[in-house]
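Undergrad: Here it is: the structure, laid out below.
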Amino acid sequence: MNSCKKSIKQPIITLMMCLIIVASKPIQAQTAITTQPTKELKLGLVLSGGGAKGFAHIGVLKVFEEENIPISLITGNSFGTIVGALYSIGYSAQDIEDFTKLQDWDALLTDGAERRLKSRFKQEYEQKYILNIGINKDNRKLSLPSGLVKGNNILNVFCGTTAAFHDSINFSDLPIPFACVAYNLETGKEEILNHGDLATAMLSSMAFPGVFSPVEFNGMKLLDGGIINNFPVDVAKDMGADILIGVDLHQEKDKSPLFESVTTIFKEIVYKIEEDKHIENVQLADIVINPELDGISTFDFKKSVLESIIKKGEMAAREQMPKIKELIANKNIKQNNTFENKLNDEWLITEIIIPDRHKDDSQFTTKRLNLKTNTKYTIEEIEKATKRIYAYGNFEMVSYKLLPNSEGYTLELVMIDKKDKRVMLGASLNTVDIAALYVNFAQQNYSNFLSLISLDAKVAVNPQLKVILETNRLFFSAVGLKINGRYNQLNYYNRGKRLGKIDVGSASADLYVHRRHQEIVDMGFGIKQNYFNIDGYSQVSSELLEKNFSGFSTIGYGYFSIDSRDDAYIPIKGLYLNSRFSLLTDKGKFKDFIPILDVTLNTITTLGDRVSMLGNLFHRSIFDANNYPASYTNYASNRYSAFTDFNFPVLGQGGISFLKPISTLGELGLRVDIGNKNYITPKVQALLQFDKWNNIDLSNLKWSGGLSYQTKTRLGPIDFTLGFRERFKGFNFYGGIGYMF
């Protein structure tokens, strides 16, 4: 019986074990399936264009970093390209914020250069011309500029920030794969920029039409991609993004612009072209972050606004964060946003390459660049060096590339020719000329022996013509010939009373040399031949007006000047000193030389955020008081009535009045910014004059005062002064709108 039970039990146990083994197989298989790694997904971040609104992208990235949101790839346009490109090469959101806060965006977006870096010609003449028209060297026809700016300054900043990445890089090989969009001006199609020089790609994608000239990139002429695809979600999808999150800076308010400027008209045209594409991309995105940016202008790059725009980006990202986390929960997403700034503090430059087509300019270029091989330089030093070449005025654009070699880096200059010839136009209204038109024809080419040819003409009641021929090929910085002719109709005053009129015609030929030192110091000498013709009449006898004067005179001179002002007309900072010693011979009498010393000093001292102290000194000594000609007499006038290069700008002076051979004018002013760079300046002056240094009489000290209003406009400065002299015995009001000749 027992044996029977055992015989039955054994097969049952065996059967049960078999069933357990069989049953366990599908369970093991199921377990194996669930433990396999899930597919790696890619999250694409899309950053739209929007000008200054693009600072909001920085706020979004800061929140993404805080919440550890993985980013697999980035696409962008315009300002979204700037932020996206920097993030893709290893900059953190904080790095980008610090970078943007350090920039002078007004200077970056206007191609401005420090005045001290410019040639003397550009310092003296550039400001007064409002319209700059190139002459096409192929068909010799006038051609308006294709944009207000070329983008030289901002391109150089991009060259610095992307210096660790050579110019032939594939953008998919960046720490975070990246692409941006641009509009092909020749084909009318969208271009996906994903290889080549990253800095130039960044400029191409943000070159807003009408503001920037088209950018040459990979053989194409490109403009801002916002024309055709401002929110490139589709580009991110084509790059392999499985999850699409976009930051869209488009605002509903943008749909009804006021058409109040050229830029708003262009913006509306761009919006209409891109509208359908934008709608499609919004629908394609999984999540759209739309910061509240109403009231912020596309071109409002003020530092005071920047912080608030970044905060608005943060707020919008935090609002969408629950949806983002839900979207990516339990998904295996490739994360590339790890930060490694590859910028060196210093770069060892072992070789400098100048493009072959500019080899004739190599002497000039090397001199202006002022960098030595086998020497370490910072990005700031390299950028300043390229600006020295650009600011001088011979090239449309000057940028650079840093290419690694076996010993260090090769600095390769990228230079675009300026059109050989230009016509510039300007105009002004003032209380002396009433209306004046300025015309300039200039040709700058430092490859030629004649580096500069300039013809200036002032068409007005008091006309003027000036011709300059200059070469930079000789030992000195410049050797030149200046021919000048002018005519002035002037009222003659004495002690506040109008006594007569004089007509002054003059012509001169000036052969000079000068050398620039340390960017702000000029030294030079020259010889000048003059012809003056003065016709006048007076109601009283005056030695200077008893008879008409005409004749030749010759003057040899040497000068020393320091000019660190940031502006020639309404400087905010800097100093100007010009001292000149001359030997004059009248009508070819070379046995008799008349020594003349001229000194001008202008200073600006900042006393607060809106207050500056102005100090000015004018001095002129004619040492042989008995023989000097009427054409070289000291005289007082307002600046619009001056008929020579030296005059005493006495407040309250109407027309001109003649002064004694040794004259000194001191002036103090307190300039106050009353808001939006409108300046009010009360002034006080003291004028001392006498015949000889051994006959100083302080009782001749005369006081005057006045009040000036100044501001800058697109048509030039507005500058008006009300002055009075000698206890209110003489009043004068003068001024104008526009630049002076």
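We name chains A, B, ... following the order of the structure tokens; residues begin at 1 in each chain, and ligands are numbered from 1 as shown.
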Contacts of Tyr628 (chain A) at 8 Å or less, counting only C-alpha atoms, minus same-chain residues fewer than 6 places along, as a list in words?

TA: Asp586, Ile594 and Ile622 of chain A

Undergrad: Residues near Gly160 (chain A), anyone? I mean within 10 Å using only C-alpha atoms, not counting same-chain ones fewer than 4 positions away, as a PyMOL selection string.

TA: chain A and resi 154-156+164+199+343+378-380+382-383+399-402

Undergrad: Report as a list in words all protein, DNA and RNA residues lying within 8 Å of Asn332 (chain A), evaluated on only C-alpha atoms, omitting residues in the same chain fewer than 5 positions from it.

TA: Thr38, Lys39, Glu40 and Leu41 of chain A

Undergrad: With only C-alpha atoms as the basis for distance, which of A:Ala391, A:Leu715, A:Ile662, A:Ile555 is at the shortest distance from Asp691 (chain A)?

TA: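 When distances to Asp691 (chain A) are compared using only C-alpha atoms, the smallest one comes from A:Ile662.
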
Undergrad: I'd like the neighbourhood of Arg357 (chain A) as a ChimeraX atom specification, where a residue qualifies if any of its atoms comes within 12 Å (using only C-alpha atoms), though same-chain residues fewer than 6 positions away should be ignored.

TA: /A:413-417,447

Undergrad: For the atom pair CA of Lys221 (chain A) and CA of Asn77 (chain A), what is the interatomic distance in Å to one decimal place?

TA: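 Computed distance, CA of Lys221 (chain A) to CA of Asn77 (chain A), equals 16.3 Å.
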
Undergrad: For a quick check of understanding, using only C-alpha atoms, which of A:Glu407, A:Asp238, A:Glu307, A:Asp592 has the smallest distance to Leu348 (chain A)?

TA: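 Of all the options, A:Glu407 lies closest to Leu348 (chain A).
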
Undergrad: When you draw a straight line from CA of Leu148 (chain A) to CA of Lys458 (chain A), how long is it in Å?

TA: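 According to the coordinates, CA of Leu148 (chain A) and CA of Lys458 (chain A) are separated by 25.2 Å.
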
Undergrad: Give me every alpha helix (DSSP H) residue in region 35-280 of chain A, going by DSSP on the backbone, as a VMD selection string.

TA: chain A and resid 56 to 66 79 to 88 93 to 102 105 to 108 120 to 125 152 to 161 198 to 206 233 to 238 262 to 280

Undergrad: Please provide as a ChimeraX atom specification all residues within 12 Å of Phe731 (chain A), with the sequence filter that same-chain residues fewer than 2 positions apart are discarded (counting only C-alpha atoms).

TA: /A:495-497,638,650-655,704-707,721-729,733-734

Undergrad: Quick one: of A:Gly500, A:Pro404, A:Gly84, A:Gly134, who's nearest to Val423 (chain A), counting only C-alpha atoms?

TA: A:Gly134

Undergrad: Write out as a list in words the residues lying within 10 Å of Ile169 (chain A), counting only C-alpha atoms and excluding same-chain residues fewer than 5 positions away.

TA: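 Final neighbour list, sorted by chain and number: Leu174, Asn194, His195, Gly196, Asp197 and Leu198 of chain A.
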
Undergrad: The selected residues should be written to file as a tab-separated table (two decimals), in the first residue's frame (atoms: N, CA, C and O atoms).

TA:
chain	number	residue	atom	x	y	z
A	174	LEU	N	29.21	70.26	-32.56
A	174	LEU	CA	29.35	71.12	-31.39
A	174	LEU	C	28.89	70.37	-30.14
A	174	LEU	O	28.19	69.36	-30.24
A	194	ASN	N	24.35	75.01	-41.14
A	194	ASN	CA	24.78	73.96	-40.22
A	194	ASN	C	26.25	73.58	-40.39
A	194	ASN	O	26.71	72.59	-39.83
A	195	HIS	N	27.00	74.38	-41.15
A	195	HIS	CA	28.43	74.14	-41.26
A	195	HIS	C	29.10	75.42	-41.75
A	195	HIS	O	28.45	76.29	-42.33
A	196	GLY	N	30.41	75.51	-41.52
A	196	GLY	CA	31.15	76.69	-41.94
A	196	GLY	C	31.63	77.49	-40.75
A	196	GLY	O	31.87	76.97	-39.66
A	197	ASP	N	31.79	78.80	-40.95
A	197	ASP	CA	32.25	79.69	-39.89
A	197	ASP	C	31.07	80.07	-39.01
A	197	ASP	O	30.13	80.74	-39.45
A	198	LEU	N	31.11	79.67	-37.75
A	198	LEU	CA	29.98	79.87	-36.84
A	198	LEU	C	29.69	81.35	-36.63
A	198	LEU	O	28.53	81.76	-36.59

Undergrad: Distance CA of Asp719 (chain A)-CA of Met740 (chain A), one decimal place?

TA: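 CA of Met740 (chain A) lies at a distance of 10.7 Å from CA of Asp719 (chain A).
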
Undergrad: Which residues come within 10 Å of region 85-101 of chain A, counting only C-alpha atoms, excluding same-chain residues fewer than 3 positions away, as an NGL selection string?

TA: :A and (55 or 57-65 or 71-77 or 79-82 or 104-105 or 158 or 161-162 or 164-165 or 171-180 or 198-199 or 201-202 or 301-304 or 306-307 or 310 or 336-343)

Undergrad: Counting only C-alpha atoms, which of A:Ala427, A:Ala686, A:Val46, A:Ile192 gets nearest to Ala241 (chain A)?

TA: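 Result for the nearest residue to Ala241 (chain A): A:Val46.
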